[in-house]
>>> print(open('protein_20.cif').read())   # mmCIF, C-alpha atoms
data_run
loop_
_atom_site.label_atom_id
_atom_site.label_comp_id
_atom_site.auth_asym_id
_atom_site.auth_seq_id
_atom_site.Cartn_x
_atom_site.Cartn_y
_atom_site.Cartn_z
CA MET A 89 14.62 5.51 -16.60
CA ARG A 90 13.39 9.10 -16.53
CA VAL A 91 10.81 9.43 -13.78
CA GLY A 92 8.00 11.87 -13.11
CA VAL A 93 6.17 11.98 -9.77
CA ILE A 94 2.69 13.52 -9.76
CA GLY A 95 1.56 14.61 -6.32
CA ALA A 96 5.13 14.74 -5.05
CA THR A 97 4.28 17.18 -2.26
CA GLY A 98 2.17 14.65 -0.33
CA TYR A 99 3.61 12.16 2.14
CA ALA A 100 3.55 9.21 -0.29
CA GLY A 101 4.86 11.28 -3.19
CA SER A 102 7.69 12.68 -1.07
CA GLU A 103 8.57 9.13 -0.05
CA VAL A 104 8.80 8.15 -3.72
CA LEU A 105 11.29 10.98 -4.20
CA ARG A 106 13.30 9.82 -1.19
CA LEU A 107 13.50 6.19 -2.29
CA CYS A 108 14.23 7.02 -5.94
CA ALA A 109 17.25 9.06 -4.81
CA SER A 110 19.01 5.79 -3.90
CA HIS A 111 17.70 3.72 -6.84
CA ARG A 112 20.38 3.41 -9.50
CA ASP A 113 17.91 2.94 -12.38
CA LEU A 114 15.37 5.67 -11.56
CA GLU A 115 16.20 9.33 -12.22
CA ILE A 116 13.70 11.93 -11.06
CA VAL A 117 13.32 14.55 -13.80
CA LEU A 118 9.90 15.93 -12.83
CA ALA A 119 8.05 16.38 -9.55
CA THR A 120 4.66 18.06 -9.54
CA GLY A 121 2.70 19.71 -6.78
CA GLU A 122 -0.11 21.97 -7.89
CA THR A 123 -0.23 24.34 -4.92
CA ASN A 124 3.57 24.34 -4.54
CA ALA A 125 4.52 24.83 -8.20
CA GLY A 126 7.68 26.93 -8.42
CA LYS A 127 8.79 26.05 -4.89
CA ARG A 128 12.00 24.11 -4.32
CA ILE A 129 11.65 20.54 -3.10
CA SER A 130 14.27 21.28 -0.44
CA GLU A 131 12.06 24.05 0.99
CA HIS A 132 8.96 21.90 1.19
CA VAL A 133 10.73 18.75 2.44
CA PRO A 134 14.08 19.72 4.03
CA ALA A 135 14.92 16.04 4.52
CA LEU A 136 15.33 15.82 0.72
CA ALA A 137 17.63 18.84 0.42
CA ALA A 138 20.80 16.85 -0.25
CA ALA A 139 19.16 14.72 -2.94
CA TYR A 140 17.24 17.54 -4.67
CA PRO A 141 18.95 20.84 -3.76
CA SER A 142 17.66 22.92 -6.67
CA MET A 143 14.76 21.02 -8.29
CA VAL A 144 11.43 22.84 -8.10
CA PHE A 145 7.91 21.48 -8.16
CA ALA A 146 6.13 21.87 -11.50
CA ASP A 147 2.43 22.10 -12.23
CA THR A 148 0.59 18.86 -12.95
CA ASN A 149 -0.02 19.51 -16.65
CA SER A 150 3.71 19.67 -17.33
CA VAL A 151 3.77 15.86 -17.20
CA PHE A 152 2.09 15.77 -20.61
CA THR A 153 4.97 17.60 -22.28
CA SER A 154 7.86 16.15 -20.29
CA ASP A 155 10.23 13.47 -21.55
CA VAL A 156 9.53 10.72 -19.03
CA ASP A 157 9.56 6.92 -19.21
CA VAL A 158 7.50 6.21 -16.11
CA VAL A 159 5.20 8.28 -13.93
CA PHE A 160 4.45 7.54 -10.29
CA VAL A 161 1.05 9.03 -9.45
CA ALA A 162 0.42 9.86 -5.78
CA LEU A 163 -2.93 11.66 -5.83
CA PRO A 164 -6.14 11.35 -3.80
CA HIS A 165 -8.83 9.04 -5.14
CA GLY A 166 -10.61 10.19 -8.26
CA GLN A 167 -7.79 12.34 -9.60
CA SER A 168 -5.45 9.88 -11.29
CA GLN A 169 -8.19 8.47 -13.55
CA LYS A 170 -8.34 11.91 -15.19
CA ILE A 171 -4.61 11.84 -15.96
CA VAL A 172 -3.62 8.23 -16.55
CA PRO A 173 -5.47 7.67 -19.87
CA GLN A 174 -3.44 10.45 -21.51
CA LEU A 175 -0.19 9.00 -20.18
CA VAL A 176 -1.10 5.51 -21.37
CA ALA A 177 -1.92 6.92 -24.81
CA ARG A 178 1.63 8.35 -24.92
CA ASN A 179 3.08 4.89 -24.05
CA VAL A 180 4.29 6.14 -20.69
CA SER A 181 4.35 3.51 -17.95
CA VAL A 182 2.21 4.39 -14.93
CA VAL A 183 2.54 3.30 -11.31
CA ASP A 184 -0.55 4.59 -9.50
CA LEU A 185 -0.39 4.75 -5.71
CA GLY A 186 -4.08 5.69 -5.50
CA ALA A 187 -7.18 3.51 -5.63
CA ASP A 188 -8.39 4.46 -9.11
CA PHE A 189 -7.33 1.27 -10.92
CA ARG A 190 -7.37 -1.35 -8.16
CA LEU A 191 -10.96 -2.57 -8.30
CA LYS A 192 -12.01 -4.76 -11.22
CA ASP A 193 -15.77 -4.27 -10.85
CA VAL A 194 -16.52 -0.76 -12.11
CA ASN A 195 -19.71 -0.68 -10.06
CA ASP A 196 -17.69 -0.85 -6.84
CA TYR A 197 -16.40 2.67 -7.46
CA ARG A 198 -19.88 4.12 -7.43
CA THR A 199 -20.90 2.01 -4.42
CA TRP A 200 -17.86 2.60 -2.22
CA TYR A 201 -16.43 5.86 -3.56
CA GLY A 202 -19.67 7.59 -4.49
CA GLU A 203 -18.83 8.37 -8.11
CA ALA A 204 -18.63 6.70 -11.49
CA HIS A 205 -15.22 5.76 -12.89
CA SER A 206 -14.17 7.95 -15.81
CA ALA A 207 -11.76 5.46 -17.43
CA PRO A 208 -13.32 2.01 -16.94
CA GLU A 209 -11.68 0.69 -20.09
CA LEU A 210 -8.33 0.63 -18.27
CA LEU A 211 -9.45 -1.44 -15.27
CA ALA A 212 -8.97 -4.74 -17.07
CA SER A 213 -5.40 -3.90 -18.12
CA SER A 214 -4.16 -2.67 -14.75
CA VAL A 215 -2.14 -5.09 -12.63
CA TYR A 216 -2.47 -5.14 -8.85
CA GLY A 217 0.91 -4.17 -7.46
CA LEU A 218 1.24 -6.52 -4.49
CA VAL A 219 4.33 -8.39 -5.61
CA GLU A 220 4.04 -11.27 -3.14
CA ARG A 221 0.72 -12.30 -4.71
CA HIS A 222 0.98 -10.99 -8.29
CA ARG A 223 4.64 -11.39 -9.18
CA LYS A 224 4.02 -13.24 -12.47
CA GLU A 225 1.29 -10.87 -13.67
CA LEU A 226 3.49 -7.84 -12.95
CA VAL A 227 6.24 -8.87 -15.35
CA GLY A 228 6.05 -6.40 -18.23
CA ALA A 229 3.13 -4.46 -16.73
CA THR A 230 2.80 -0.83 -17.85
CA LEU A 231 -0.15 0.18 -15.66
CA ILE A 232 0.32 -0.85 -12.04
CA ALA A 233 -2.30 -0.24 -9.35
CA VAL A 234 -0.40 -0.12 -6.07
CA PRO A 235 -2.36 -1.30 -3.01
CA GLY A 236 -2.39 0.90 0.07
CA CYS A 237 -1.27 0.11 3.59
CA TYR A 238 -4.45 -1.41 5.01
CA GLN A 239 -4.87 -3.72 2.04
CA THR A 240 -1.24 -4.79 2.01
CA ALA A 241 -1.03 -5.67 5.69
CA SER A 242 -4.40 -7.46 5.68
CA VAL A 243 -3.85 -9.49 2.51
CA LEU A 244 -0.32 -10.58 3.40
CA ALA A 245 -1.58 -11.73 6.80
CA LEU A 246 -4.66 -13.66 5.70
CA GLY A 247 -3.84 -14.71 2.15
CA PRO A 248 -1.79 -17.85 2.86
CA PHE A 249 -4.48 -19.30 5.13
CA LEU A 250 -7.26 -18.72 2.63
CA ASP A 251 -5.12 -20.15 -0.18
CA ALA A 252 -4.58 -23.29 1.91
CA GLU A 253 -8.31 -23.43 2.73
CA VAL A 254 -7.69 -23.86 6.46
CA ILE A 255 -9.94 -20.95 7.51
CA GLU A 256 -13.50 -20.02 6.61
CA ARG A 257 -14.11 -17.35 3.97
CA ARG A 258 -16.89 -15.64 5.88
CA GLY A 259 -16.94 -13.97 9.28
CA ILE A 260 -13.36 -12.68 9.10
CA VAL A 261 -12.65 -9.66 11.30
CA VAL A 262 -9.77 -7.26 10.59
CA ASN A 263 -8.74 -4.58 13.07
CA ALA A 264 -6.00 -2.22 11.89
CA LEU A 265 -4.02 0.53 13.61
CA SER A 266 -2.42 3.22 11.45
CA GLY A 267 -0.08 6.13 11.99
CA THR A 268 -1.36 9.58 11.07
CA SER A 269 0.72 9.88 7.89
CA GLY A 270 -1.71 7.42 6.32
CA ALA A 271 -4.31 10.21 6.34
CA GLY A 272 -2.11 12.38 4.12
CA ARG A 273 -0.92 15.97 4.44
CA ALA A 274 -4.35 17.60 4.27
CA ILE A 275 -5.42 19.22 7.51
CA SER A 276 -8.45 17.74 9.26
CA GLU A 277 -10.04 18.13 12.68
CA ARG A 278 -9.18 14.62 13.83
CA LEU A 279 -5.48 15.22 13.10
CA HIS A 280 -5.23 18.26 15.38
CA PHE A 281 -2.61 17.66 18.05
CA SER A 282 -4.98 18.42 20.93
CA ARG A 283 -7.38 15.72 19.73
CA LEU A 284 -4.86 13.16 18.55
CA ALA A 285 -2.20 13.19 21.27
CA GLY A 286 -2.67 10.33 23.72
CA ASN A 287 -5.71 9.19 21.76
CA ALA A 288 -6.89 6.39 19.46
CA GLU A 289 -9.94 6.47 17.21
CA ALA A 290 -11.87 4.00 15.07
CA TYR A 291 -13.32 5.38 11.85
CA GLY A 292 -15.01 4.26 8.64
CA LEU A 293 -17.07 1.71 10.56
CA LEU A 294 -18.93 -0.78 8.30
CA SER A 295 -18.31 1.25 5.16
CA HIS A 296 -14.59 1.88 4.78
CA ARG A 297 -13.79 2.15 1.08
CA HIS A 298 -10.87 -0.29 1.22
CA THR A 299 -13.17 -3.15 2.29
CA PRO A 300 -14.13 -4.26 -1.26
CA GLU A 301 -10.50 -4.21 -2.33
CA ILE A 302 -9.39 -6.50 0.50
CA GLN A 303 -12.33 -8.80 -0.22
CA GLN A 304 -11.47 -8.82 -3.93
CA GLU A 305 -7.89 -9.87 -3.26
CA LEU A 306 -8.79 -12.50 -0.69
CA ASP A 307 -12.04 -13.74 -2.27
CA ALA A 308 -13.55 -13.61 1.20
CA GLU A 309 -16.10 -11.68 3.24
CA LEU A 310 -14.80 -9.60 6.13
CA LEU A 311 -15.56 -6.86 8.59
CA PHE A 312 -12.80 -4.23 8.43
CA THR A 313 -12.29 -1.56 11.10
CA PRO A 314 -9.37 0.90 10.85
CA HIS A 315 -8.07 2.89 13.81
CA LEU A 316 -6.01 6.07 13.89
CA VAL A 317 -3.32 6.11 16.59
CA ALA A 318 -1.01 8.85 17.78
CA THR A 319 2.14 8.02 15.86
CA SER A 320 3.41 9.33 12.55
CA ARG A 321 4.33 6.04 10.85
CA GLY A 322 3.51 2.39 11.17
CA MET A 323 0.63 -0.05 10.82
CA LEU A 324 -0.43 -3.05 12.86
CA VAL A 325 -3.16 -5.45 11.73
CA THR A 326 -4.78 -8.10 13.89
CA ALA A 327 -7.15 -10.36 11.98
CA TYR A 328 -9.46 -13.11 13.25
CA ALA A 329 -10.86 -16.02 11.26
CA ARG A 330 -12.71 -19.21 12.06
CA VAL A 331 -10.51 -22.29 11.69
CA GLY A 332 -11.84 -24.66 9.06
CA ASP A 333 -9.22 -27.37 9.53
CA ALA A 334 -9.26 -28.99 12.99
CA THR A 335 -5.61 -30.04 12.62
CA LEU A 336 -4.36 -26.45 12.41
CA THR A 337 -2.17 -25.46 15.37
CA THR A 338 -0.05 -22.45 16.14
CA GLU A 339 3.04 -24.37 15.04
CA SER A 340 1.52 -25.49 11.74
CA ALA A 341 0.14 -21.99 11.11
CA LEU A 342 3.62 -20.50 11.50
CA ASP A 343 5.06 -23.25 9.29
CA LEU A 344 2.45 -22.43 6.64
CA LEU A 345 3.48 -18.76 6.69
CA ARG A 346 7.17 -19.64 6.50
CA ALA A 347 6.63 -21.96 3.53
CA ASN A 348 4.45 -19.41 1.74
CA TYR A 349 6.92 -16.53 2.12
CA ALA A 350 10.17 -18.48 1.82
CA ASP A 351 11.06 -16.72 -1.44
CA ASP A 352 9.72 -13.27 -0.53
CA PRO A 353 12.59 -11.09 0.72
CA PHE A 354 10.39 -8.46 2.34
CA VAL A 355 8.07 -10.70 4.38
CA ILE A 356 9.50 -11.78 7.71
CA VAL A 357 7.70 -14.52 9.65
CA ILE A 358 8.36 -14.29 13.39
CA ASP A 359 7.31 -16.37 16.38
CA GLU A 360 6.30 -13.46 18.60
CA PRO A 361 3.57 -10.94 17.72
CA PRO A 362 4.96 -8.08 15.61
CA THR A 363 4.85 -4.54 16.93
CA LEU A 364 3.86 -1.43 15.05
CA LYS A 365 7.43 -0.08 15.16
CA ASP A 366 9.29 -3.19 13.97
CA PRO A 367 9.20 -2.38 10.23
CA VAL A 368 9.31 1.43 10.42
CA GLY A 369 11.87 2.79 7.97
CA SER A 370 11.89 -0.38 5.85
CA ASN A 371 9.95 -2.12 3.10
CA LEU A 372 9.46 -5.14 5.37
CA CYS A 373 6.26 -6.81 6.50
CA PHE A 374 6.35 -8.81 9.73
CA VAL A 375 3.76 -11.57 10.17
CA SER A 376 2.89 -14.04 12.92
CA ALA A 377 -0.05 -16.20 13.97
CA ARG A 378 -1.74 -18.04 16.81
CA VAL A 379 -4.42 -20.73 16.82
CA ASP A 380 -6.79 -20.83 19.77
CA GLN A 381 -8.01 -24.42 19.77
CA ARG A 382 -10.32 -23.67 22.68
CA THR A 383 -12.47 -21.27 20.65
CA GLY A 384 -11.59 -22.37 17.12
CA TRP A 385 -10.14 -19.03 16.02
CA LEU A 386 -7.00 -18.13 14.08
CA ILE A 387 -5.34 -14.86 15.03
CA VAL A 388 -2.92 -13.54 12.41
CA MET A 389 -0.93 -10.33 12.81
CA SER A 390 1.13 -8.16 10.47
CA SER A 391 2.97 -4.85 10.65
CA ILE A 392 4.39 -2.56 7.97
CA ASP A 393 5.61 1.00 7.48
CA ASN A 394 2.50 2.53 5.95
CA LEU A 395 4.47 4.94 3.75
CA ILE A 396 7.01 2.41 2.47
CA LYS A 397 5.63 -1.12 2.10
CA GLY A 398 2.17 0.46 2.27
CA ALA A 399 2.81 3.03 -0.46
CA ALA A 400 6.06 4.26 -2.04
CA GLY A 401 8.24 1.22 -1.39
CA GLN A 402 5.51 -1.04 -2.67
CA ALA A 403 5.32 1.06 -5.84
CA ILE A 404 9.04 0.78 -6.49
CA GLN A 405 9.09 -2.93 -5.66
CA ALA A 406 6.31 -3.51 -8.22
CA TRP A 407 8.12 -1.38 -10.81
CA ASN A 408 11.31 -3.37 -10.21
CA VAL A 409 9.52 -6.64 -10.94
CA ALA A 410 7.65 -5.25 -13.94
CA ASN A 411 10.91 -4.11 -15.50
CA GLY A 412 13.14 -7.08 -14.78
CA ARG A 413 15.11 -5.61 -11.89
CA ASP A 414 15.89 -7.28 -8.60
CA GLU A 415 12.79 -6.52 -6.56
CA THR A 416 14.88 -5.30 -3.62
CA LEU A 417 16.70 -2.67 -5.68
CA GLY A 418 16.65 0.76 -4.00
CA LEU A 419 14.53 -0.42 -1.08
CA PRO A 420 15.48 -0.46 2.62
CA MET A 421 15.75 -3.97 4.07
CA THR A 422 16.23 -2.80 7.65
CA GLY A 423 14.05 -0.72 9.93
CA VAL A 424 14.97 2.12 12.27
CA THR A 425 15.34 1.36 15.96
CA PRO A 426 14.76 2.52 18.60
#
>>> encode(input="protein_20.cif", output="structure tokens")
Amino acid sequence: MRVGVIGATGYAGSEVLRLCASHRDLEIVLATGETNAGKRISEHVPALAAAYPSMVFADTNSVFTSDVDVVFVALPHGQSQKIVPQLVARNVSVVDLGADFRLKDVNDYRTWYGEAHSAPELLASSVYGLVERHRKELVGATLIAVPGCYQTASVLALGPFLDAEVIERRGIVVNALSGTSGAGRAISERLHFSRLAGNAEAYGLLSHRHTPEIQQELDAELLFTPHLVATSRGMLVTAYARVGDATLTTESALDLLRANYADDPFVIVIDEPPTLKDPVGSNLCFVSARVDQRTGWLIVMSSIDNLIKGAAGQAIQAWNVANGRDETLGLPMTGVTP
């Protein structure tokens, strides 16, 4: 398949390039980066020099005249909806790493993102790209909306318990820690070294724009609070929910997770709480749980690499399933340690 990557100069887009270099069925023929057009990929991302020694970034509009089979779009919110309709009209498959086609209620975009959606007619045909929960719907999909890191880690942690109806659907609390690469390449005051080093910071309190997406996928009400921590990669979610089944114990909660993810190669259920670093460098998601029978709360934890399982790896995994490939093709199954 001939692949174009729009927004290839960002962290997620660069990660798509990296992973596609070892995918036998995906050949990068176009990589765009508006402000870096004409610059070699190897100059912008030296880590990719061996894979792309001479390829240069093109301008975004070149995607409309290029011979490509699939386009991975890695742009900030609001930008892909201006491009995707033209690609769909050309029968080009689209894997969008942004939020533009994830929400099914068009009104949520105005409420949570502050602007009307410019291509609402495509929302119904997009398929949510979380393979572990939408594997059947993804088969044959040509417009895939890839969930981000916060949504992925939260939904994979809580989903099995809500499906089994052993926790309440209201009053769920999700606290998430993310590495700085989740904020993207753009410079901002809170990413300055002097502010970030040795620091941790909550943000988006009560109104973070990923809240409705997590609620949509879980069919539940929750309070979501993300935190920025001083590391480049990684994500750790700790979620709390009221137990609705008095027979639920830590042992049965872990058994429920193991049964749910028995056929999912990238979800690893472990007895001990996962750490932020466990999955770094891989497309894995580690999950664990505890039940506090004294207070009646379930604690469920998950960790992922925010740029792989939370972005680029997720996109390729979803594409693999949509196109009849082994879902593990081209994706790292082991993390980097120490």
>>> atom_distance(input="protein_20.cif", atom1="CA of Leu310 (chain A)", atom2="CA of Val261 (chain A)")
5.6 Å
>>> resolve_selection(input="protein_20.cif", expression="the PyMOL selection byres ((chain A and resi 184) around 12)", output="MDAnalysis selection string")
chainID A and resid 92:95 100:101 104 158:169 171:173 175:176 181:183 185:190 214:217 230:236 399:400 402:404 406:407
>>> residues_around(input="protein_20.cif", residues="Asn124 (chain A)", least_positions_apart="4", cutoff="9 Å", atoms="all atoms listed in the file", output="ChimeraX atom specification")
/A:97,120,128,132,144-147
>>> write_last_selection(input="protein_20.cif", atoms="C-alpha atoms", output="compact mmCIF listing (two decimals), in the frame of the given file")
# COMPACT_ATOMS: atom_id res chain seq x y z
CA THR A 97 4.28 17.18 -2.26
CA THR A 120 4.66 18.06 -9.54
CA ARG A 128 12.00 24.11 -4.32
CA HIS A 132 8.96 21.90 1.19
CA VAL A 144 11.43 22.84 -8.10
CA PHE A 145 7.91 21.48 -8.16
CA ALA A 146 6.13 21.87 -11.50
CA ASP A 147 2.43 22.10 -12.23
>>> atom_distance(input="protein_20.cif", atom1="CA of Ala204 (chain A)", atom2="CA of Lys170 (chain A)")
12.1 Å
>>> closest_residue(input="protein_20.cif", among="A:Ala347, A:Ile358, A:Leu114, A:Val331", to="Val254 (chain A)", atoms="only C-alpha atoms")
A:Val331
>>> atom_distance(input="protein_20.cif", atom1="CA of Tyr140 (chain A)", atom2="CA of Ala119 (chain A)")
10.5 Å
>>> resolve_selection(input="protein_20.cif", expression="the PyMOL selection byres ((chain A and resi 297) around 12)", output="number ranges by chain")
A: 165, 187-188, 190-191, 196-202, 236, 238-239, 291-296, 298-303, 311-314
>>> residues_around(input="protein_20.cif", residues="Pro248 (chain A)", least_positions_apart="4", cutoff="8 Å", atoms="only C-alpha atoms", output="VMD selection string")
chain A and resid 244 252 344 to 345 348
>>> residues_around(input="protein_20.cif", residues="Ser391 (chain A)", least_positions_apart="4", cutoff="6 Å", atoms="only C-alpha atoms", output="list in words")
Met323, Leu324, Leu364, Cys373 and Phe374 of chain A
>>> closest_residue(input="protein_20.cif", among="A:Glu309, A:Glu115, A:Glu339, A:Asp251", to="Ala377 (chain A)", atoms="only C-alpha atoms")
A:Glu339
>>> axis_aligned_box(input="protein_20.cif", around="region 304-312 of chain A", padding_each_side="3 Å", output="AutoDock Vina command-line options")
--center_x -12.0 --center_y -9.0 --center_z 2.3 --size_x 14.2 --size_y 15.5 --size_z 18.5
>>> resolve_selection(input="protein_20.cif", expression="the PyMOL selection byres ((chain A and resi 157) around 6)", output="list in words")
Met89, Arg90, Val156, Val158 and Val180 of chain A
>>> closest_residue(input="protein_20.cif", among="A:Thr338, A:Ser370, A:Asn408, A:Gln304", to="Gly384 (chain A)", atoms="all atoms listed in the file")
A:Thr338
>>> closest_residue(input="protein_20.cif", among="A:Ala229, A:Ala288, A:Val368, A:Ala207", to="Asn179 (chain A)", atoms="all atoms listed in the file")
A:Ala229
>>> residues_around(input="protein_20.cif", residues="Ile255 (chain A)", least_positions_apart="4", cutoff="12 Å", atoms="all atoms listed in the file", output="VMD selection string")
chain A and resid 246 to 251 259 to 260 306 308 to 309 327 to 337 341 379 384 to 388
>>> closest_residue(input="protein_20.cif", among="A:Val91, A:Ala137, A:Leu395, A:Met143", to="Gly272 (chain A)", atoms="all atoms listed in the file")
A:Leu395
>>> residues_around(input="protein_20.cif", residues="Leu419 (chain A)", least_positions_apart="6", cutoff="7 Å", atoms="only C-alpha atoms", output="number ranges by chain")
A: 107, 371, 401
>>> closest_residue(input="protein_20.cif", among="A:Pro353, A:Asp366, A:Ala245, A:Thr326", to="Glu415 (chain A)", atoms="only C-alpha atoms")
A:Pro353
>>> decode(input="protein_20.cif", residues="region 159-173 of chain A", atoms="N, CA, C and O atoms", output="PDB file, in the first residue's frame")
ATOM      1  N   VAL A 159      -4.035   7.417   3.670  1.00  0.00           N
ATOM      2  CA  VAL A 159      -3.405   8.586   4.266  1.00  0.00           C
ATOM      3  C   VAL A 159      -3.608   8.550   5.773  1.00  0.00           C
ATOM      4  O   VAL A 159      -4.739   8.411   6.254  1.00  0.00           O
ATOM      5  N   PHE A 160      -2.505   8.638   6.509  1.00  0.00           N
ATOM      6  CA  PHE A 160      -2.559   8.815   7.953  1.00  0.00           C
ATOM      7  C   PHE A 160      -2.492  10.320   8.229  1.00  0.00           C
ATOM      8  O   PHE A 160      -1.553  10.991   7.783  1.00  0.00           O
ATOM      9  N   VAL A 161      -3.490  10.825   8.938  1.00  0.00           N
ATOM     10  CA  VAL A 161      -3.572  12.258   9.204  1.00  0.00           C
ATOM     11  C   VAL A 161      -3.233  12.499  10.676  1.00  0.00           C
ATOM     12  O   VAL A 161      -3.917  11.985  11.562  1.00  0.00           O
ATOM     13  N   ALA A 162      -2.185  13.278  10.915  1.00  0.00           N
ATOM     14  CA  ALA A 162      -1.737  13.557  12.283  1.00  0.00           C
ATOM     15  C   ALA A 162      -1.675  15.069  12.481  1.00  0.00           C
ATOM     16  O   ALA A 162      -0.597  15.658  12.580  1.00  0.00           O
ATOM     17  N   LEU A 163      -2.843  15.681  12.518  1.00  0.00           N
ATOM     18  CA  LEU A 163      -2.964  17.134  12.630  1.00  0.00           C
ATOM     19  C   LEU A 163      -3.712  17.519  13.904  1.00  0.00           C
ATOM     20  O   LEU A 163      -4.482  16.727  14.446  1.00  0.00           O
ATOM     21  N   PRO A 164      -3.520  18.753  14.368  1.00  0.00           N
ATOM     22  CA  PRO A 164      -4.298  19.218  15.529  1.00  0.00           C
ATOM     23  C   PRO A 164      -5.785  19.242  15.212  1.00  0.00           C
ATOM     24  O   PRO A 164      -6.194  19.293  14.036  1.00  0.00           O
ATOM     25  N   HIS A 165      -6.597  19.254  16.282  1.00  0.00           N
ATOM     26  CA  HIS A 165      -8.040  19.243  16.085  1.00  0.00           C
ATOM     27  C   HIS A 165      -8.489  20.397  15.196  1.00  0.00           C
ATOM     28  O   HIS A 165      -7.993  21.507  15.274  1.00  0.00           O
ATOM     29  N   GLY A 166      -9.487  20.071  14.360  1.00  0.00           N
ATOM     30  CA  GLY A 166     -10.095  21.068  13.499  1.00  0.00           C
ATOM     31  C   GLY A 166      -9.498  21.136  12.117  1.00  0.00           C
ATOM     32  O   GLY A 166     -10.116  21.709  11.213  1.00  0.00           O
ATOM     33  N   GLN A 167      -8.324  20.542  11.926  1.00  0.00           N
ATOM     34  CA  GLN A 167      -7.653  20.648  10.627  1.00  0.00           C
ATOM     35  C   GLN A 167      -7.949  19.490   9.699  1.00  0.00           C
ATOM     36  O   GLN A 167      -8.046  19.672   8.484  1.00  0.00           O
ATOM     37  N   SER A 168      -8.105  18.286  10.237  1.00  0.00           N
ATOM     38  CA  SER A 168      -8.309  17.143   9.342  1.00  0.00           C
ATOM     39  C   SER A 168      -9.686  17.179   8.681  1.00  0.00           C
ATOM     40  O   SER A 168      -9.844  16.709   7.555  1.00  0.00           O
ATOM     41  N   GLN A 169     -10.685  17.748   9.357  1.00  0.00           N
ATOM     42  CA  GLN A 169     -12.027  17.797   8.771  1.00  0.00           C
ATOM     43  C   GLN A 169     -12.078  18.662   7.512  1.00  0.00           C
ATOM     44  O   GLN A 169     -13.015  18.553   6.713  1.00  0.00           O
ATOM     45  N   LYS A 170     -11.059  19.496   7.306  1.00  0.00           N
ATOM     46  CA  LYS A 170     -10.979  20.308   6.094  1.00  0.00           C
ATOM     47  C   LYS A 170     -10.345  19.536   4.945  1.00  0.00           C
ATOM     48  O   LYS A 170     -10.473  19.938   3.781  1.00  0.00           O
ATOM     49  N   ILE A 171      -9.665  18.449   5.264  1.00  0.00           N
ATOM     50  CA  ILE A 171      -8.916  17.688   4.268  1.00  0.00           C
ATOM     51  C   ILE A 171      -9.566  16.357   3.941  1.00  0.00           C
ATOM     52  O   ILE A 171      -9.625  15.933   2.771  1.00  0.00           O
ATOM     53  N   VAL A 172     -10.084  15.692   4.958  1.00  0.00           N
ATOM     54  CA  VAL A 172     -10.588  14.324   4.804  1.00  0.00           C
ATOM     55  C   VAL A 172     -11.701  14.194   3.764  1.00  0.00           C
ATOM     56  O   VAL A 172     -11.698  13.229   2.985  1.00  0.00           O
ATOM     57  N   PRO A 173     -12.687  15.112   3.712  1.00  0.00           N
ATOM     58  CA  PRO A 173     -13.750  14.932   2.702  1.00  0.00           C
ATOM     59  C   PRO A 173     -13.228  14.815   1.276  1.00  0.00           C
ATOM     60  O   PRO A 173     -13.749  14.018   0.487  1.00  0.00           O
TER      61      PRO A 173
END
